[in-house]
file final.tsv (TSV, C-alpha atoms)
chain	number	residue	atom	x	y	z
A	1	MET	CA	195.58	160.13	27.52
A	2	ARG	CA	196.80	163.69	27.87
A	3	ALA	CA	194.57	166.64	28.67
A	4	GLY	CA	195.06	168.10	25.21
A	5	GLU	CA	194.11	164.82	23.56
A	6	ALA	CA	190.95	164.54	25.65
A	7	TYR	CA	189.81	168.06	24.82
A	8	LYS	CA	190.75	167.72	21.13
A	9	CYS	CA	188.62	164.60	20.95
A	10	LEU	CA	185.70	166.24	22.75
A	11	ALA	CA	185.93	169.35	20.56
A	12	GLU	CA	186.26	167.59	17.22
A	13	GLN	CA	184.27	164.40	17.65
A	14	VAL	CA	181.67	164.91	20.36
A	15	TRP	CA	180.84	168.59	20.83
A	16	GLN	CA	177.75	169.75	18.94
A	17	ASP	CA	175.97	172.87	20.06
A	18	GLU	CA	176.48	172.63	23.80
A	19	THR	CA	177.22	175.87	25.62
A	20	VAL	CA	180.50	175.47	27.48
A	21	VAL	CA	181.75	176.84	30.79
A	22	CYS	CA	185.48	176.25	31.31
A	23	SER	CA	187.46	176.12	34.49
A	24	LEU	CA	190.74	177.99	34.50
A	25	GLY	CA	194.23	176.87	33.53
A	26	THR	CA	194.83	173.82	31.37
A	27	THR	CA	191.13	173.27	30.72
A	28	ALA	CA	190.41	176.78	29.45
A	29	ASN	CA	193.64	176.94	27.47
A	30	GLU	CA	193.12	173.58	25.78
A	31	TRP	CA	189.47	174.25	24.92
A	32	TRP	CA	190.43	177.57	23.38
A	33	ARG	CA	193.31	175.90	21.49
A	34	HIS	CA	190.95	173.41	19.87
A	35	THR	CA	187.80	175.49	19.35
A	36	LYS	CA	188.53	179.25	19.38
A	37	SER	CA	184.92	179.34	20.48
A	38	ASP	CA	183.06	182.43	21.62
A	39	ASP	CA	180.25	180.21	22.84
A	40	CYS	CA	182.17	179.48	26.00
A	41	PHE	CA	182.79	181.29	29.27
A	42	TYR	CA	186.48	180.84	30.08
A	43	MET	CA	186.58	181.38	33.82
A	44	ASN	CA	190.20	182.41	34.22
A	45	SER	CA	189.53	183.32	37.84
A	46	SER	CA	187.36	182.24	40.75
A	47	MET	CA	188.87	178.76	40.83
A	48	GLY	CA	186.16	176.20	41.49
A	49	LEU	CA	183.20	178.29	40.44
A	50	ALA	CA	182.79	177.05	36.85
A	51	ALA	CA	180.54	174.24	38.05
A	52	SER	CA	178.29	176.62	39.99
A	53	PHE	CA	178.19	179.01	37.03
A	54	GLY	CA	177.19	176.14	34.75
A	55	LEU	CA	174.49	175.05	37.18
A	56	GLY	CA	173.01	178.55	37.30
A	57	LEU	CA	173.04	178.73	33.50
A	58	SER	CA	171.41	175.31	33.22
A	59	LEU	CA	168.63	176.19	35.63
A	60	ALA	CA	167.94	179.61	34.11
A	61	ALA	CA	167.95	178.35	30.54
A	62	PRO	CA	166.56	174.80	30.54
A	63	ASP	CA	166.51	174.65	26.73
A	64	LEU	CA	170.28	175.03	26.58
A	65	ARG	CA	172.54	172.02	26.79
A	66	VAL	CA	175.41	172.98	29.07
A	67	TRP	CA	178.85	171.45	29.37
A	68	VAL	CA	180.97	172.29	32.38
A	69	LEU	CA	184.64	171.54	31.71
A	70	ASP	CA	186.10	171.36	35.19
A	71	SER	CA	189.35	170.12	36.71
A	72	ASP	CA	190.12	168.18	39.85
A	73	GLY	CA	192.14	171.04	41.35
A	74	ALA	CA	189.23	173.40	40.86
A	75	LEU	CA	186.67	170.96	42.24
A	76	CYS	CA	188.78	170.62	45.38
A	77	MET	CA	188.06	174.30	45.94
A	78	ASN	CA	184.30	173.89	45.61
A	79	LEU	CA	183.60	170.32	46.63
A	80	GLY	CA	180.22	171.25	48.07
A	81	SER	CA	179.04	172.10	44.57
A	82	LEU	CA	178.70	168.37	43.93
A	83	LEU	CA	176.04	168.19	46.65
A	84	THR	CA	174.21	171.13	45.15
A	85	GLU	CA	174.33	169.56	41.69
A	86	ALA	CA	173.09	166.26	43.05
A	87	ALA	CA	170.18	168.02	44.72
A	88	GLN	CA	169.26	169.97	41.58
A	89	ASN	CA	169.96	167.14	39.13
A	90	PRO	CA	169.92	169.52	36.13
A	91	PRO	CA	168.82	167.42	33.14
A	92	ASN	CA	170.50	169.68	30.59
A	93	MET	CA	173.98	169.69	32.14
A	94	THR	CA	177.04	167.48	31.76
A	95	HIS	CA	179.87	168.05	34.23
A	96	PHE	CA	183.29	166.92	32.97
A	97	LEU	CA	186.08	166.58	35.49
A	98	LEU	CA	189.59	166.54	34.06
A	99	SER	CA	191.50	164.48	36.59
A	100	ASN	CA	195.27	164.75	36.30
A	101	GLY	CA	196.10	164.79	40.01
A	102	CYS	CA	198.11	167.97	39.78
A	103	TYR	CA	198.08	171.71	39.16
A	104	GLN	CA	199.35	171.33	35.61
A	105	ALA	CA	199.21	174.98	34.60
A	106	ILE	CA	201.79	175.87	37.26
A	107	GLY	CA	204.16	173.02	36.49
A	108	GLY	CA	202.53	169.91	37.90
A	109	SER	CA	202.53	170.45	41.65
A	110	PRO	CA	200.59	167.49	43.13
A	111	LEU	CA	197.02	167.80	44.29
A	112	VAL	CA	196.06	167.16	47.90
A	113	ASN	CA	195.35	163.46	48.59
A	114	VAL	CA	196.45	162.54	45.07
A	115	GLY	CA	196.18	158.83	44.31
A	116	ARG	CA	193.59	158.24	47.02
A	117	THR	CA	190.62	160.32	45.92
A	118	ASP	CA	188.01	158.35	44.00
A	119	TRP	CA	185.98	160.99	42.17
A	120	ALA	CA	183.47	158.52	40.78
A	121	ALA	CA	182.78	157.09	44.22
A	122	LEU	CA	182.49	160.58	45.63
A	123	ALA	CA	179.96	161.59	42.99
A	124	ARG	CA	177.91	158.47	43.54
A	125	ALA	CA	178.07	158.94	47.29
A	126	VAL	CA	176.34	162.32	47.08
A	127	GLY	CA	173.58	160.85	44.96
A	128	ILE	CA	174.64	161.50	41.37
A	129	GLU	CA	173.26	158.61	39.34
A	130	ASN	CA	174.98	158.98	35.98
A	131	VAL	CA	178.72	158.77	36.52
A	132	LEU	CA	181.25	157.89	33.80
A	133	ARG	CA	184.97	157.33	34.08
A	134	LEU	CA	186.84	157.63	30.76
A	135	SER	CA	190.56	157.13	30.34
A	136	SER	CA	191.14	157.00	26.58
A	137	VAL	CA	190.12	158.79	23.42
A	138	GLU	CA	188.41	155.61	22.27
A	139	GLU	CA	186.27	155.54	25.40
A	140	ILE	CA	185.30	159.17	24.89
A	141	VAL	CA	184.18	158.52	21.32
A	142	ALA	CA	182.30	155.40	22.36
A	143	SER	CA	180.40	157.45	24.96
A	144	SER	CA	179.52	160.30	22.58
A	145	LYS	CA	175.77	159.91	22.81
A	146	ILE	CA	175.77	160.10	26.58
A	147	LEU	CA	178.19	163.01	26.58
A	148	GLN	CA	175.85	164.84	24.22
A	149	ASN	CA	173.42	164.97	27.09
A	150	THR	CA	171.02	162.24	26.05
A	151	ALA	CA	170.94	160.66	29.48
A	152	GLY	CA	170.23	163.68	31.64
A	153	TYR	CA	172.62	165.12	34.20
A	154	THR	CA	175.90	163.23	33.98
A	155	PHE	CA	179.21	163.54	35.82
A	156	VAL	CA	182.15	162.46	33.65
A	157	ILE	CA	185.66	161.89	34.92
A	158	LEU	CA	188.32	162.26	32.22
A	159	GLU	CA	191.35	160.48	33.61
A	160	VAL	CA	194.47	161.98	32.06
A	161	ASP	CA	198.19	161.97	32.73
A	162	GLY	CA	199.56	164.72	34.89
A	163	ILE	CA	202.25	166.40	32.84
A	164	ALA	CA	204.88	168.61	34.40
A	165	GLY	CA	206.23	171.34	32.19
A	166	GLU	CA	203.90	170.86	29.25
A	167	LYS	CA	204.38	173.11	26.25
A	168	GLU	CA	203.61	176.78	26.60
A	169	PRO	CA	199.83	177.14	26.90
A	170	LEU	CA	197.94	179.06	24.28
A	171	ARG	CA	196.60	182.07	26.14
A	172	ILE	CA	193.08	183.32	25.51
A	173	PRO	CA	193.47	186.80	24.02
A	174	PHE	CA	190.55	188.46	25.80
A	175	GLU	CA	189.26	188.72	29.35
A	176	GLY	CA	186.99	190.60	31.73
A	177	PRO	CA	184.16	192.59	30.17
A	178	GLU	CA	185.05	191.37	26.67
A	179	MET	CA	184.56	187.82	27.90
A	180	LYS	CA	181.16	188.81	29.24
A	181	TYR	CA	179.97	190.45	26.05
A	182	ARG	CA	181.41	187.82	23.67
A	183	PHE	CA	179.73	185.04	25.60
A	184	GLY	CA	176.50	186.93	26.17
A	185	ARG	CA	176.15	188.09	22.57
A	186	SER	CA	176.89	184.57	21.37
A	187	LEU	CA	174.12	183.20	23.59
A	188	GLN	CA	171.74	185.88	22.38
A	189	SER	CA	172.36	185.27	18.69
A	190	ARG	CA	172.53	181.50	18.86
A	191	SER	CA	169.91	180.70	21.46
A	192	GLY	CA	167.63	183.71	21.49
A	193	ILE	CA	168.24	184.31	25.17
A	194	SER	CA	167.91	187.96	26.17
A	195	VAL	CA	171.04	188.37	28.27
A	196	PHE	CA	171.31	192.13	27.87
A	197	GLY	CA	168.39	194.51	27.89
A	198	PRO	CA	167.54	197.11	25.26
A	199	TYR	CA	170.18	199.47	26.64
A	200	GLY	CA	172.91	196.86	26.69
A	201	TYR	CA	173.11	196.16	30.42
B	1	MET	CA	163.07	151.99	84.84
B	2	ASN	CA	161.42	155.02	83.42
B	3	ARG	CA	162.58	155.76	79.94
B	4	ARG	CA	161.80	159.01	78.30
B	5	LYS	CA	159.96	158.76	75.08
B	6	PRO	CA	162.30	159.75	72.27
B	7	VAL	CA	161.73	163.25	71.11
B	8	GLU	CA	160.72	163.45	67.52
B	9	ARG	CA	163.24	165.49	65.63
B	10	THR	CA	163.16	166.94	62.22
B	11	ILE	CA	166.08	168.33	60.29
B	12	THR	CA	163.99	169.98	57.68
B	13	VAL	CA	162.27	173.30	57.96
B	14	ASP	CA	158.52	173.04	58.16
B	15	GLN	CA	157.52	174.25	54.71
B	16	THR	CA	153.86	174.35	55.61
B	17	VAL	CA	154.11	177.33	57.94
B	18	SER	CA	152.14	180.32	56.87
B	19	MET	CA	154.18	182.94	55.15
B	20	SER	CA	154.39	186.32	56.83
B	21	SER	CA	152.99	189.32	55.02
B	22	SER	CA	156.54	190.59	54.71
B	23	GLY	CA	157.57	187.29	53.18
B	24	LYS	CA	154.80	187.53	50.60
B	25	ALA	CA	155.67	191.12	49.85
B	26	PHE	CA	159.35	190.23	49.49
B	27	CYS	CA	158.50	187.51	47.00
B	28	ASN	CA	156.19	189.83	45.06
B	29	GLN	CA	158.97	192.41	44.85
B	30	ALA	CA	161.49	189.80	43.73
B	31	ALA	CA	159.14	188.49	41.06
B	32	ALA	CA	158.45	192.03	39.87
B	33	ALA	CA	162.22	192.52	39.61
B	34	GLY	CA	162.43	189.60	37.19
B	35	VAL	CA	164.10	187.35	39.73
B	36	ARG	CA	163.64	183.70	38.75
B	37	VAL	CA	166.60	182.03	40.45
B	38	VAL	CA	167.46	182.37	44.14
B	39	ALA	CA	170.54	180.81	45.72
B	40	SER	CA	170.77	180.76	49.47
B	41	LEU	CA	172.61	179.66	52.56
B	42	PRO	CA	170.90	180.68	55.79
B	43	ASP	CA	171.78	182.32	59.01
B	44	ASP	CA	169.00	182.50	61.59
B	45	TRP	CA	168.04	186.06	60.65
B	46	VAL	CA	167.58	185.57	56.90
B	47	LEU	CA	166.07	182.09	57.28
B	48	PRO	CA	162.46	183.35	57.24
B	49	VAL	CA	163.20	185.21	54.01
B	50	ILE	CA	164.60	182.02	52.50
B	51	ASN	CA	161.58	180.05	53.65
B	52	ALA	CA	159.31	182.57	51.97
B	53	VAL	CA	161.19	182.21	48.69
B	54	ASP	CA	161.30	178.44	48.98
B	55	GLY	CA	157.54	178.27	49.23
B	56	ASP	CA	156.97	180.39	46.15
B	57	LYS	CA	156.84	178.51	42.86
B	58	ARG	CA	157.79	181.60	40.87
B	59	PHE	CA	161.40	180.99	41.87
B	60	LYS	CA	163.89	178.23	41.29
B	61	HIS	CA	165.42	178.04	44.75
B	62	VAL	CA	168.89	176.51	45.08
B	63	ARG	CA	170.21	175.67	48.52
B	64	VAL	CA	174.02	175.77	48.43
B	65	ALA	CA	176.71	174.27	50.62
B	66	ARG	CA	178.94	177.34	50.60
B	67	GLU	CA	178.12	180.96	49.83
B	68	ALA	CA	180.58	181.21	46.93
B	69	GLU	CA	178.41	178.77	45.01
B	70	ALA	CA	175.62	181.34	45.09
B	71	VAL	CA	177.91	183.84	43.38
B	72	GLY	CA	178.59	181.39	40.57
B	73	ILE	CA	174.97	180.27	40.24
B	74	CYS	CA	173.70	183.83	40.01
B	75	ALA	CA	176.35	184.73	37.41
B	76	GLY	CA	175.31	181.73	35.33
B	77	ALA	CA	171.66	182.70	35.69
B	78	PHE	CA	172.49	186.18	34.41
B	79	PHE	CA	173.76	184.66	31.16
B	80	GLY	CA	170.67	182.48	31.09
B	81	GLY	CA	168.64	185.64	30.72
B	82	VAL	CA	167.04	185.92	34.14
B	83	ASN	CA	167.63	188.02	37.21
B	84	SER	CA	168.64	186.29	40.39
B	85	LEU	CA	169.15	186.85	44.07
B	86	ALA	CA	171.65	185.53	46.60
B	87	ILE	CA	170.56	185.35	50.24
B	88	MET	CA	173.12	184.74	52.99
B	89	GLY	CA	174.29	185.94	56.37
B	90	MET	CA	176.92	188.65	56.72
B	91	ALA	CA	179.46	185.89	57.49
B	92	GLY	CA	178.76	184.61	53.98
B	93	VAL	CA	179.45	188.01	52.44
B	94	LEU	CA	182.82	188.02	54.17
B	95	ALA	CA	183.50	184.55	52.75
B	96	ILE	CA	182.93	185.49	49.08
B	97	ILE	CA	185.21	188.48	48.66
B	98	HIS	CA	187.51	186.68	46.23
B	99	GLU	CA	184.64	185.54	44.03
B	100	LEU	CA	183.03	188.99	44.00
B	101	ALA	CA	186.39	190.49	42.97
B	102	THR	CA	187.46	187.97	40.34
B	103	LEU	CA	184.11	187.02	38.82
B	104	ASN	CA	181.67	189.90	39.24
B	105	LEU	CA	183.97	192.90	39.37
B	106	MET	CA	186.43	191.53	36.81
B	107	HIS	CA	183.68	190.75	34.28
B	108	ASP	CA	181.12	193.46	35.14
B	109	ILE	CA	178.49	190.91	36.18
B	110	PRO	CA	175.62	192.20	38.33
B	111	LEU	CA	174.44	190.46	41.48
B	112	LEU	CA	172.03	191.40	44.25
B	113	ILE	CA	172.79	190.00	47.69
B	114	VAL	CA	170.34	190.13	50.59
B	115	THR	CA	172.10	189.71	53.89
B	116	SER	CA	171.85	190.35	57.61
B	117	MET	CA	173.25	193.52	59.19
B	118	ARG	CA	174.87	192.06	62.24
B	119	GLY	CA	176.63	193.69	65.13
B	120	GLN	CA	174.33	196.56	66.03
B	121	PRO	CA	174.00	197.73	69.66
B	122	ASP	CA	170.27	197.07	70.01
B	123	GLU	CA	170.09	193.54	68.63
B	124	GLU	CA	169.27	190.38	70.53
B	125	PRO	CA	171.10	188.12	70.95
B	126	HIS	CA	173.98	190.56	71.18
B	127	THR	CA	176.98	188.24	70.93
B	128	VAL	CA	180.66	188.76	70.36
B	129	TYR	CA	180.58	186.73	67.14
B	130	GLN	CA	177.90	188.87	65.54
B	131	VAL	CA	179.56	192.08	66.63
B	132	ALA	CA	182.79	190.95	64.98
B	133	GLN	CA	180.94	190.39	61.68
B	134	GLY	CA	179.22	193.73	61.89
B	135	GLN	CA	182.43	195.58	62.61
B	136	VAL	CA	184.15	194.38	59.45
B	137	GLY	CA	181.22	193.70	57.12
B	138	ALA	CA	180.28	197.20	56.05
B	139	PRO	CA	183.89	198.48	55.69
B	140	VAL	CA	184.82	195.47	53.55
B	141	ILE	CA	181.81	196.03	51.27
B	142	GLN	CA	182.75	199.68	51.00
B	143	ALA	CA	186.36	198.78	50.18
B	144	LEU	CA	185.11	196.69	47.25
B	145	GLY	CA	183.27	199.73	45.94
B	146	LEU	CA	179.89	198.04	46.05
B	147	TYR	CA	176.56	199.74	46.61
B	148	HIS	CA	175.48	198.91	50.14
B	149	ARG	CA	172.23	199.82	51.80
B	150	VAL	CA	171.16	199.00	55.34
B	151	ILE	CA	167.40	198.81	55.81
B	152	ASP	CA	165.52	198.78	59.07
B	153	ASN	CA	161.94	198.28	57.97
B	154	PHE	CA	160.13	196.80	55.03
B	155	SER	CA	158.98	200.12	53.59
B	156	GLU	CA	162.63	200.85	52.69
B	157	LEU	CA	162.98	197.71	50.57
B	158	ASN	CA	162.71	198.09	46.80
B	159	LEU	CA	164.06	194.98	45.09
B	160	PRO	CA	163.21	196.03	41.50
B	161	SER	CA	165.18	199.23	41.98
B	162	LEU	CA	168.12	197.40	43.56
B	163	VAL	CA	168.22	194.77	40.80
B	164	LYS	CA	168.13	197.49	38.16
B	165	HIS	CA	170.85	199.45	39.95
B	166	SER	CA	173.08	196.38	40.03
B	167	ARG	CA	172.54	195.80	36.30
B	168	ILE	CA	173.14	199.44	35.38
B	169	THR	CA	176.31	199.69	37.46
B	170	LYS	CA	177.37	196.19	36.31
B	171	ARG	CA	178.51	195.19	39.77
B	172	PRO	CA	177.09	193.61	42.89
B	173	ALA	CA	174.78	195.50	45.21
B	174	ILE	CA	174.19	194.43	48.78
B	175	VAL	CA	171.19	195.12	50.97
B	176	SER	CA	171.64	194.37	54.66
B	177	MET	CA	168.62	193.89	56.88
B	178	THR	CA	168.73	194.79	60.56
B	179	ARG	CA	167.36	192.51	63.23
B	180	ARG	CA	164.18	194.57	63.43
B	181	MET	CA	163.70	194.14	59.70
B	182	THR	CA	164.32	190.39	59.61
B	183	ALA	CA	162.01	189.92	62.59
B	184	GLU	CA	159.16	191.20	60.43
B	185	PHE	CA	159.55	188.14	58.23
B	186	ALA	CA	159.06	185.80	61.12
B	187	GLU	CA	155.72	187.36	62.07
B	188	VAL	CA	153.06	185.21	60.47
B	189	SER	CA	150.04	187.14	59.35

call {"tool": "encode", "arguments": {"input": "final.tsv", "output": "structure tokens"}}
result
Amino acid sequence: MRAGEAYKCLAEQVWQDETVVCSLGTTANEWWRHTKSDDCFYMNSSMGLAASFGLGLSLAAPDLRVWVLDSDGALCMNLGSLLTEAAQNPPNMTHFLLSNGCYQAIGGSPLVNVGRTDWAALARAVGIENVLRLSSVEEIVASSKILQNTAGYTFVILEVDGIAGEKEPLRIPFEGPEMKYRFGRSLQSRSGISVFGPYGY
Amino acid sequence: MNRRKPVERTITVDQTVSMSSSGKAFCNQAAAAGVRVVASLPDDWVLPVINAVDGDKRFKHVRVAREAEAVGICAGAFFGGVNSLAIMGMAGVLAIIHELATLNLMHDIPLLIVTSMRGQPDEEPHTVYQVAQGQVGAPVIQALGLYHRVIDNFSELNLPSLVKHSRITKRPAIVSMTRRMTAEFAEVS
């Protein structure tokens, strides 16, 4: 399974109304390619912080269902966030980890300790109870109900092939403050959350 | 052979200690500012502040493993429609420069950080490590263009105003408490 196939399947066959927070690089580019969604914060910076952002959103807005689309390279930069998630056990959050063993967006340079890290074992070791490991489109579809956050906080490893020199990524045509206001306005209109006050800040 | 009785140890903070009047007042100010989520990683100075927050059910308190997590959690909470607060030592502020620059400043996301103002001449203990933090902390915050206020006693603290200022300016604000200030939180009323 390739990263693009995994995200295409999630976007077209599993995703309902979950609010999405994307890690940078391949994850953000592929989710944008398949959804063009405003209801997503594409974190094209602060590598590793998408999971923490998603946790804060989940805790502040417990009626939202939150998907964090993360990658193994990013999680390496914020490994402690798994402990924090385990401690909080946010029932409305699903944390996907795209595991390709490399930094695909920069040409496939291998990840530290590649081939030895067992993400599922690591998640279980910090106390996360619901851990899934999916390595095909068929397995993703078969797990739809769980991925749609019916089982509480779940950590999902999407095992994909690391591809060097994949086709030119589709860049997201907005950033910075526009990202903030697109995402915030989308949350306000769709979920009734008051992100911005009466004066817009 | 005489054997010493093992000393009972605890690795958790005693949550039953009475909260200082400053701790209660801090929490009341935070609640009045609309703060509902607090993310923290302690140093010994801000620990009493964190304990006060932890014992107050008005807040969802998240203990983090690394200060950068607090930056992400508070940004997420902002989009969840609530105000939030990050509490950490000055060493933590120095550790989150990249995240402040590429998440908060890049996207105009507010954040209020409460931290310790280390490295002053009259503090005890007066150690080389704390002096090093104090020497670089304030200039680094200034270089980022963030609002920074050092407060020495509780009467100078106004969390609702600081939260509002951070939202209006759409960037982080940092309030640093001196040793004299943080000591007030440890005094149980």

call {"tool": "residues_around", "arguments": {"input": "final.tsv", "residues": "Val141 of chain A", "least_positions_apart": "4", "cutoff": "12 Å", "atoms": "only C-alpha atoms", "output": "number ranges by chain"}}
result
A: 5-15, 134-137, 145-148

call {"tool": "write_last_selection", "arguments": {"input": "final.tsv", "atoms": "C-alpha atoms", "output": "compact mmCIF listing (two decimals), in the coordinates of the input"}}
result
# COMPACT_ATOMS: atom_id res chain seq x y z
CA GLU A 5 194.11 164.82 23.56
CA ALA A 6 190.95 164.54 25.65
CA TYR A 7 189.81 168.06 24.82
CA LYS A 8 190.75 167.72 21.13
CA CYS A 9 188.62 164.60 20.95
CA LEU A 10 185.70 166.24 22.75
CA ALA A 11 185.93 169.35 20.56
CA GLU A 12 186.26 167.59 17.22
CA GLN A 13 184.27 164.40 17.65
CA VAL A 14 181.67 164.91 20.36
CA TRP A 15 180.84 168.59 20.83
CA LEU A 134 186.84 157.63 30.76
CA SER A 135 190.56 157.13 30.34
CA SER A 136 191.14 157.00 26.58
CA VAL A 137 190.12 158.79 23.42
CA LYS A 145 175.77 159.91 22.81
CA ILE A 146 175.77 160.10 26.58
CA LEU A 147 178.19 163.01 26.58
CA GLN A 148 175.85 164.84 24.22

call {"tool": "closest_residue", "arguments": {"input": "final.tsv", "among": "B:Val128, B:Leu144, B:Val114, B:Asn158", "to": "Asn28 of chain B", "atoms": "all atoms listed in the file"}}
result
B:Asn158

call {"tool": "residues_around", "arguments": {"input": "final.tsv", "residues": "Phe185 of chain B", "least_positions_apart": "5", "cutoff": "8 Å", "atoms": "all atoms listed in the file", "output": "PyMOL selection string"}}
result
chain B and resi 20-23+48-49

call {"tool": "residues_around", "arguments": {"input": "final.tsv", "residues": "segment 55-59 of chain A", "least_positions_apart": "2", "cutoff": "9 Å", "atoms": "only C-alpha atoms", "output": "compact mmCIF listing (two decimals) with C-alpha atoms, in the coordinates of the input"}}
result
# COMPACT_ATOMS: atom_id res chain seq x y z
CA ALA A 50 182.79 177.05 36.85
CA ALA A 51 180.54 174.24 38.05
CA SER A 52 178.29 176.62 39.99
CA PHE A 53 178.19 179.01 37.03
CA ALA A 61 167.95 178.35 30.54
CA PRO A 62 166.56 174.80 30.54
CA ASP A 63 166.51 174.65 26.73
CA LEU A 64 170.28 175.03 26.58
CA ARG A 65 172.54 172.02 26.79
CA VAL A 66 175.41 172.98 29.07
CA VAL A 68 180.97 172.29 32.38
CA THR A 84 174.21 171.13 45.15
CA GLU A 85 174.33 169.56 41.69
CA GLN A 88 169.26 169.97 41.58
CA PRO A 90 169.92 169.52 36.13
CA PRO A 91 168.82 167.42 33.14
CA ASN A 92 170.50 169.68 30.59
CA MET A 93 173.98 169.69 32.14
CA VAL B 37 166.60 182.03 40.45
CA LYS B 60 163.89 178.23 41.29
CA ALA B 70 175.62 181.34 45.09
CA GLY B 72 178.59 181.39 40.57
CA ILE B 73 174.97 180.27 40.24
CA CYS B 74 173.70 183.83 40.01
CA ALA B 75 176.35 184.73 37.41
CA GLY B 76 175.31 181.73 35.33
CA ALA B 77 171.66 182.70 35.69
CA PHE B 78 172.49 186.18 34.41
CA PHE B 79 173.76 184.66 31.16
CA GLY B 80 170.67 182.48 31.09
CA GLY B 81 168.64 185.64 30.72

call {"tool": "interface_residues", "arguments": {"input": "final.tsv", "of": "chain B", "to": "chain A", "cutoff": "12 Å", "atoms": "all atoms listed in the file", "output": "number ranges by chain"}}
result
B: 34-41, 59-86, 96-110, 163-171

call {"tool": "atom_distance", "arguments": {"input": "final.tsv", "atom1": "atom CA of Thr178 of chain B", "atom2": "atom CA of Ser116 of chain B"}}
result
6.2 Å

call {"tool": "residues_around", "arguments": {"input": "final.tsv", "residues": "Ser37 of chain A", "least_positions_apart": "3", "cutoff": "10 Å", "atoms": "only C-alpha atoms", "output": "PDB file with C-alpha atoms, keeping the file's coordinate frame"}}
result
ATOM      1  CA  THR A  19     177.220 175.870  25.620  1.00  0.00           C
ATOM      2  CA  VAL A  20     180.500 175.470  27.480  1.00  0.00           C
ATOM      3  CA  TRP A  31     189.470 174.250  24.920  1.00  0.00           C
ATOM      4  CA  TRP A  32     190.430 177.570  23.380  1.00  0.00           C
ATOM      5  CA  ARG A  33     193.310 175.900  21.490  1.00  0.00           C
ATOM      6  CA  HIS A  34     190.950 173.410  19.870  1.00  0.00           C
ATOM      7  CA  CYS A  40     182.170 179.480  26.000  1.00  0.00           C
ATOM      8  CA  PHE A  41     182.790 181.290  29.270  1.00  0.00           C
ATOM      9  CA  TYR A  42     186.480 180.840  30.080  1.00  0.00           C
ATOM     10  CA  ARG A 182     181.410 187.820  23.670  1.00  0.00           C
ATOM     11  CA  PHE A 183     179.730 185.040  25.600  1.00  0.00           C
ATOM     12  CA  SER A 186     176.890 184.570  21.370  1.00  0.00           C
TER      13      SER A 186
END

call {"tool": "residues_around", "arguments": {"input": "final.tsv", "residues": "Asp72 of chain A", "least_positions_apart": "6", "cutoff": "7 Å", "atoms": "all atoms listed in the file", "output": "count of residues only"}}
result
4

call {"tool": "decode", "arguments": {"input": "final.tsv", "residues": "segment 88-127 of chain A", "atoms": "C-alpha atoms", "output": "PDB file, in the first residue's frame"}}
result
ATOM      1  CA  GLN A  88      -5.492  11.866  28.574  1.00  0.00           C
ATOM      2  CA  ASN A  89      -7.095   9.017  26.619  1.00  0.00           C
ATOM      3  CA  PRO A  90      -9.266  11.434  24.584  1.00  0.00           C
ATOM      4  CA  PRO A  91     -12.390   9.477  23.611  1.00  0.00           C
ATOM      5  CA  ASN A  92     -13.113  11.622  20.562  1.00  0.00           C
ATOM      6  CA  MET A  93      -9.698  11.308  18.901  1.00  0.00           C
ATOM      7  CA  THR A  94      -8.167   8.853  16.454  1.00  0.00           C
ATOM      8  CA  HIS A  95      -4.436   9.143  15.854  1.00  0.00           C
ATOM      9  CA  PHE A  96      -3.272   7.746  12.502  1.00  0.00           C
ATOM     10  CA  LEU A  97       0.425   7.130  12.014  1.00  0.00           C
ATOM     11  CA  LEU A  98       1.571   6.808   8.420  1.00  0.00           C
ATOM     12  CA  SER A  99       4.599   4.565   8.714  1.00  0.00           C
ATOM     13  CA  ASN A 100       6.814   4.514   5.638  1.00  0.00           C
ATOM     14  CA  GLY A 101      10.182   4.433   7.386  1.00  0.00           C
ATOM     15  CA  CYS A 102      11.505   7.435   5.533  1.00  0.00           C
ATOM     16  CA  TYR A 103      11.254  11.165   4.934  1.00  0.00           C
ATOM     17  CA  GLN A 104       9.327  10.724   1.700  1.00  0.00           C
ATOM     18  CA  ALA A 105       8.706  14.392   0.954  1.00  0.00           C
ATOM     19  CA  ILE A 106      12.451  15.015   0.642  1.00  0.00           C
ATOM     20  CA  GLY A 107      13.194  11.988  -1.493  1.00  0.00           C
ATOM     21  CA  GLY A 108      13.031   9.011   0.832  1.00  0.00           C
ATOM     22  CA  SER A 109      15.927   9.495   3.222  1.00  0.00           C
ATOM     23  CA  PRO A 110      15.623   6.693   5.820  1.00  0.00           C
ATOM     24  CA  LEU A 111      14.241   7.298   9.274  1.00  0.00           C
ATOM     25  CA  VAL A 112      16.347   6.690  12.370  1.00  0.00           C
ATOM     26  CA  ASN A 113      16.175   3.057  13.567  1.00  0.00           C
ATOM     27  CA  VAL A 114      14.128   2.095  10.516  1.00  0.00           C
ATOM     28  CA  GLY A 115      13.138  -1.566  10.439  1.00  0.00           C
ATOM     29  CA  ARG A 116      13.503  -1.977  14.195  1.00  0.00           C
ATOM     30  CA  THR A 117      10.901   0.373  15.633  1.00  0.00           C
ATOM     31  CA  ASP A 118       7.627  -1.349  16.501  1.00  0.00           C
ATOM     32  CA  TRP A 119       5.099   1.483  16.713  1.00  0.00           C
ATOM     33  CA  ALA A 120       2.261  -0.748  17.873  1.00  0.00           C
ATOM     34  CA  ALA A 121       4.358  -2.158  20.701  1.00  0.00           C
ATOM     35  CA  LEU A 122       5.480   1.327  21.635  1.00  0.00           C
ATOM     36  CA  ALA A 123       1.906   2.582  21.801  1.00  0.00           C
ATOM     37  CA  ARG A 124       0.805  -0.356  23.900  1.00  0.00           C
ATOM     38  CA  ALA A 125       3.805   0.054  26.168  1.00  0.00           C
ATOM     39  CA  VAL A 126       2.760   3.572  27.153  1.00  0.00           C
ATOM     40  CA  GLY A 127      -0.735   2.369  27.975  1.00  0.00           C
TER      41      GLY A 127
END
